[in-house]
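Trainee: Starting off with a structure, shown below.
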2 protein chains.
Amino acid sequence: MKEKISKNSRVSLSEVARAAGVSKMTASRVLRGEGGYSEKTRDKVMEKVDQLGYLPNRLATVFAGDQSSTFVGVSIPDLGNEVFAQVLEGIDRKLGSFGRQTVLGLTQHTQQEEENWIRTVLSWQPAGLILTGRYHSPRATEMLRNAGIPIVEIWDLNSSPLDMSVGINHFDSGFDMGRYLMSCGYSNIGYVGTSHDTANAATTRLDGFCKAVEGGGGRVVKQLCLHDTATYYPGFYGTEQLLASGSGVECIFYQNDAMAFGGLQYCASKGMQVPQDIGIAGWGDLPIASVIARRLTSMHVPHLKLGQAAAEMMIGRLSDEPVEPCRDIGFRLIPGTTVRNSA
Amino acid sequence: MKEKISKNSRVSLSEVARAAGVSKMTASRVLRGEGGYSEKTRDKVMEKVDQLGYLPNRLATVFAGDQSSTFVGVSIPDLGNEVFAQVLEGIDRKLGSFGRQTVLGLTQHTQQEEENWIRTVLSWQPAGLILTGRYHSPRATEMLRNAGIPIVEIWDLNSSPLDMSVGINHFDSGFDMGRYLMSCGYSNIGYVGTSHDTANAATTRLDGFCKAVEGGGGRVVKQLCLHDTATYYPGFYGTEQLLASGSGVECIFYQNDAMAFGGLQYCASKGMQVPQDIGIAGWGDLPIASVIARRLTSMHVPHLKLGQAAAEMMIGRLSDEPVEPCRDIGFRLIPGTTVRNSA
DNA sequence: AAGCTTTAAGTTACCCGTAACGTAAGTATG
DNA sequence: CATACTTACGTTACGGGTAACTTAAAGCTT
């Protein structure tokens, strides 16, 4: 029984050919519609294909080196963050419409996980790779350089990418938010986010934010949750800790909208009014950001479009079309009503 | 140039072997740690492996039929729904920890997309498949039966699965919600959801819901958004349409929490008080469900756990361990405070 | 009808790694 | 010292499909 489940149970092209009374090669030609066979032969072969339920083994084709695979490896830090889920959706939908498949890798924000995943996925001879972030381990970078396949680094716009890059300038987006909050009259501002071993887009954003605030004479009090995912609950508890520290912040900027929601909820539970008692600003502009009566102050990023753009660059490169190696997908500040009005 | 990018640029085992002055077979043994070689030989080979940056071609290994692939195909309707994103995260994390890779397929809630994806992914000789839902096209079902690989159908608990199944009983969960809302004193109840060509878990839930409400003497007014994704905006507009129809519903049950948030937002925008003027109930219990001051009435489902369980069943089967073919992951009603108190 | 072209096939070699088998040394045993 | 055994390799064949080449038959030309 267990033997039957192994692959020898699958019908091969030779079996189809034998059943149809032709050679393997003729059957192959029929299946690829290459021409060079009679109608009678085609019908005979196709009949047997249906009858035996033959499915081609793409492994063999790719392995033989005649064509590249249809796999594209896609690494994403985590899906708990709705933002990345949407990016992935954009990528997979677009890739799928061009007959390509996504091989997923969740790297949990660590370079080691990413490196391991890259090693594994490369051994499957993917057509290309789409990676989140610009920071890779030295060994990963070496493997990527040697791979000789198209690579798109997304999320964090990279002016000197390994190959191609699409995303936004996170430093600038943080800077713009900092400047905006300063313009609203805040100067003692908190930041709540997560913290990981390696640099990432969120830290770049924070850098830009601090530069704007501190450059404008304000100060930033940080509250970082170590090794946590940037979701609702850490936002709640991070806010609690930040406010308990007695730093007297008037406004809090969060790593993303989900964390900002956590913060809003904490404030509501303590009877604090937003924005009268405290200002709240998120980042990412989730669709759900308008669920609260007041529109969440945030930074809009076209997530789905970003994913699609990444897939398009990949497809373009795989089709040998000329591709602009860097694409800025842009962002837009949502003033919202959860911070004091700047007017 | 273009030639270089093709696979002949990749270092093969033969090249490593030649460089190390041994046969292919010896190099292979060293890399697999199989034994049968001297320390000197091992060092020589490993040195060349590092030097040349050799990466094994797993395609060849699998192709040779010596072992099955490490791919597991995973089909998910869409990632716009946070629920499925979490399920996928649970699956991929667990699979990854056992050295398996997810090949993703977003089927957009259509059987045709699913069938196409199944055909493609099977041609890559996956070790197994994890599919969302129990309804597949006839041709898909046939391919799945012939594939001879483990298959886990998730989400919708299936007492007679193709192979294995893990999920919840959606009919019962809808029924329980219906009974709860009736117990709160509602009898004229609305439902807002999406509608697709084929049956799915949401329609099963609605069936259970109707049975409870209508069986208890109430009535259900349905508002279905055709071919839409079950997210925030359709919830908003679906609510608008339902209320404009003049059906006078006192309470609305939504296909999921995201849609319920849209409904909440619509009600807030019209100055309606929840639950005084209208009751709101969601389904799925997203973490963010507590962001509103009042806890959203909902149905809790352990999404991440569901994904993990699916992956565990797959791994178990692939390791020839005995696996219980059906697993009910359970649900739990969250009374919340967005419907009238039943007390 | 002989010679040429076209059509419809078949044959061979190859991709890369591994199972199975072969072999030549060295080691142990009686 | 002959025999059996172990170690450390090498050699051959194979998997499923396709490129490149070969071949046989049919069709066409003059």
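Every chain in the structure tokens takes a letter, A first, then B, and so on in the order presented; its residues are numbered from 1, and the ligands are numbered from 1 following the presented order.
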Counting only C-alpha atoms, which residues of chain B come no farther than 8 Å from chain A, as a PyMOL selection string?
Mentor: chain B and resi 4-7+9-10+53+55-60+63+65+68+78-80+82+85-86+88-89+92-93+96+101-106+119+122-125+143+146-149+232-233+258+261-262+264-265+268-269+287-288+290-293
Trainee: Find the spatial neighbours of DG26 of chain C, counting only C-alpha atoms (C1' of nucleotides), within a cut-off of 12 Å - ignore same-chain residues fewer than 5 positions away - and output them as a list in words.
Mentor: DC5, DT6, DT7 and DA8 of chain D
Trainee: May I have the residues of chain D within 8 Å of chain A, counting only C-alpha atoms (C1' of nucleotides), written as a count of residues only?
Mentor: 3
Trainee: Residues at most 12 Å from Pro325 of chain A, counting only C-alpha atoms (C1' of nucleotides), excluding those fewer than 3 positions away in the same chain, as number ranges by chain?
Mentor: A: 150-154, 157-167, 309-310, 312-314, 316-317, 321-322, 328
Trainee: Residues as selected, N, CA, C and O atoms, written as an mmCIF file, in the first residue's frame, can you do that?
Mentor:
```cif
data_model
loop_
_atom_site.group_PDB
_atom_site.id
_atom_site.type_symbol
_atom_site.label_atom_id
_atom_site.label_comp_id
_atom_site.auth_asym_id
_atom_site.auth_seq_id
_atom_site.Cartn_x
_atom_site.Cartn_y
_atom_site.Cartn_z
ATOM 1 N N PRO A 150 16.845 36.811 -11.332
ATOM 2 C CA PRO A 150 16.329 38.129 -10.963
ATOM 3 C C PRO A 150 15.934 38.173 -9.489
ATOM 4 O O PRO A 150 15.395 37.203 -8.957
ATOM 5 N N ILE A 151 16.222 39.292 -8.858
ATOM 6 C CA ILE A 151 15.876 39.469 -7.449
ATOM 7 C C ILE A 151 15.252 40.847 -7.264
ATOM 8 O O ILE A 151 15.799 41.843 -7.727
ATOM 9 N N VAL A 152 14.092 40.883 -6.628
ATOM 10 C CA VAL A 152 13.458 42.163 -6.318
ATOM 11 C C VAL A 152 13.438 42.334 -4.809
ATOM 12 O O VAL A 152 12.882 41.498 -4.094
ATOM 13 N N GLU A 153 14.053 43.394 -4.329
ATOM 14 C CA GLU A 153 13.975 43.709 -2.903
ATOM 15 C C GLU A 153 12.850 44.721 -2.723
ATOM 16 O O GLU A 153 12.853 45.781 -3.359
ATOM 17 N N ILE A 154 11.909 44.380 -1.867
ATOM 18 C CA ILE A 154 10.746 45.251 -1.720
ATOM 19 C C ILE A 154 10.693 45.908 -0.349
ATOM 20 O O ILE A 154 11.490 45.607 0.533
ATOM 21 N N LEU A 157 12.960 50.945 0.000
ATOM 22 C CA LEU A 157 13.538 51.355 -1.278
ATOM 23 C C LEU A 157 15.056 51.388 -1.160
ATOM 24 O O LEU A 157 15.606 51.909 -0.203
ATOM 25 N N ASN A 158 15.700 50.815 -2.148
ATOM 26 C CA ASN A 158 17.126 50.597 -2.071
ATOM 27 C C ASN A 158 17.758 51.180 -3.329
ATOM 28 O O ASN A 158 17.574 50.673 -4.417
ATOM 29 N N SER A 159 18.498 52.238 -3.151
ATOM 30 C CA SER A 159 19.044 52.899 -4.337
ATOM 31 C C SER A 159 20.153 52.066 -4.986
ATOM 32 O O SER A 159 20.458 52.237 -6.159
ATOM 33 N N SER A 160 20.773 51.157 -4.213
ATOM 34 C CA SER A 160 21.766 50.273 -4.828
ATOM 35 C C SER A 160 21.381 48.827 -4.534
ATOM 36 O O SER A 160 21.990 48.153 -3.715
ATOM 37 N N PRO A 161 20.303 48.378 -5.173
ATOM 38 C CA PRO A 161 19.788 47.040 -4.869
ATOM 39 C C PRO A 161 20.700 45.953 -5.432
ATOM 40 O O PRO A 161 21.538 46.219 -6.299
ATOM 41 N N LEU A 162 20.521 44.759 -4.948
ATOM 42 C CA LEU A 162 21.223 43.610 -5.506
ATOM 43 C C LEU A 162 20.908 43.512 -6.989
ATOM 44 O O LEU A 162 21.761 43.206 -7.802
ATOM 45 N N ASP A 163 19.649 43.774 -7.309
ATOM 46 C CA ASP A 163 19.222 43.651 -8.697
ATOM 47 C C ASP A 163 18.133 44.688 -8.992
ATOM 48 O O ASP A 163 18.351 45.634 -9.731
ATOM 49 N N MET A 164 16.959 44.516 -8.359
ATOM 50 C CA MET A 164 15.873 45.478 -8.529
ATOM 51 C C MET A 164 15.277 45.789 -7.159
ATOM 52 O O MET A 164 15.439 45.023 -6.218
ATOM 53 N N SER A 165 14.557 46.882 -7.079
ATOM 54 C CA SER A 165 13.976 47.268 -5.799
ATOM 55 C C SER A 165 12.721 48.097 -6.013
ATOM 56 O O SER A 165 12.653 48.916 -6.932
ATOM 57 N N VAL A 166 11.722 47.861 -5.184
ATOM 58 C CA VAL A 166 10.511 48.687 -5.216
ATOM 59 C C VAL A 166 10.033 48.871 -3.782
ATOM 60 O O VAL A 166 10.059 47.940 -2.982
ATOM 61 N N GLY A 167 9.644 50.077 -3.442
ATOM 62 C CA GLY A 167 9.199 50.333 -2.081
ATOM 63 C C GLY A 167 9.096 51.817 -1.843
ATOM 64 O O GLY A 167 8.846 52.581 -2.774
ATOM 65 N N ALA A 309 3.600 45.704 -8.198
ATOM 66 C CA ALA A 309 4.748 46.295 -8.885
ATOM 67 C C ALA A 309 5.949 45.361 -8.803
ATOM 68 O O ALA A 309 6.677 45.171 -9.787
ATOM 69 N N ALA A 310 6.142 44.762 -7.634
ATOM 70 C CA ALA A 310 7.269 43.835 -7.465
ATOM 71 C C ALA A 310 7.130 42.658 -8.425
ATOM 72 O O ALA A 310 8.089 42.270 -9.105
ATOM 73 N N GLU A 312 5.437 42.588 -11.180
ATOM 74 C CA GLU A 312 5.591 43.060 -12.554
ATOM 75 C C GLU A 312 7.061 43.209 -12.935
ATOM 76 O O GLU A 312 7.464 42.869 -14.051
ATOM 77 N N MET A 313 7.847 43.717 -12.016
ATOM 78 C CA MET A 313 9.275 43.855 -12.299
ATOM 79 C C MET A 313 9.885 42.476 -12.528
ATOM 80 O O MET A 313 10.705 42.285 -13.436
ATOM 81 N N MET A 314 9.482 41.529 -11.698
ATOM 82 C CA MET A 314 9.996 40.163 -11.829
ATOM 83 C C MET A 314 9.609 39.571 -13.183
ATOM 84 O O MET A 314 10.465 39.055 -13.918
ATOM 85 N N GLY A 316 8.701 41.113 -15.857
ATOM 86 C CA GLY A 316 9.373 41.858 -16.921
ATOM 87 C C GLY A 316 10.790 41.347 -17.136
ATOM 88 O O GLY A 316 11.204 41.050 -18.256
ATOM 89 N N ARG A 317 11.494 41.185 -16.048
ATOM 90 C CA ARG A 317 12.882 40.723 -16.158
ATOM 91 C C ARG A 317 12.939 39.298 -16.719
ATOM 92 O O ARG A 317 13.792 38.976 -17.547
ATOM 93 N N GLU A 321 12.375 41.861 -20.798
ATOM 94 C CA GLU A 321 12.041 43.242 -21.135
ATOM 95 C C GLU A 321 12.927 44.163 -20.313
ATOM 96 O O GLU A 321 13.378 43.794 -19.231
ATOM 97 N N PRO A 322 13.156 45.370 -20.804
ATOM 98 C CA PRO A 322 13.942 46.308 -19.998
ATOM 99 C C PRO A 322 13.136 46.736 -18.780
ATOM 100 O O PRO A 322 11.962 47.076 -18.898
ATOM 101 N N ASP A 328 9.999 53.875 -6.841
ATOM 102 C CA ASP A 328 9.464 54.458 -5.608
ATOM 103 C C ASP A 328 7.952 54.444 -5.705
ATOM 104 O O ASP A 328 7.370 55.044 -6.597
#
```
Trainee: Would you please give, as a VMD selection string, all residues of segment 88-294 of chain B that DSSP assigns to strand (DSSP E) based on the backbone?
Mentor: chain B and resid 101 to 106 128 to 132 151 to 156 164 to 168 188 to 195 219 to 226 251 to 254 279 to 281
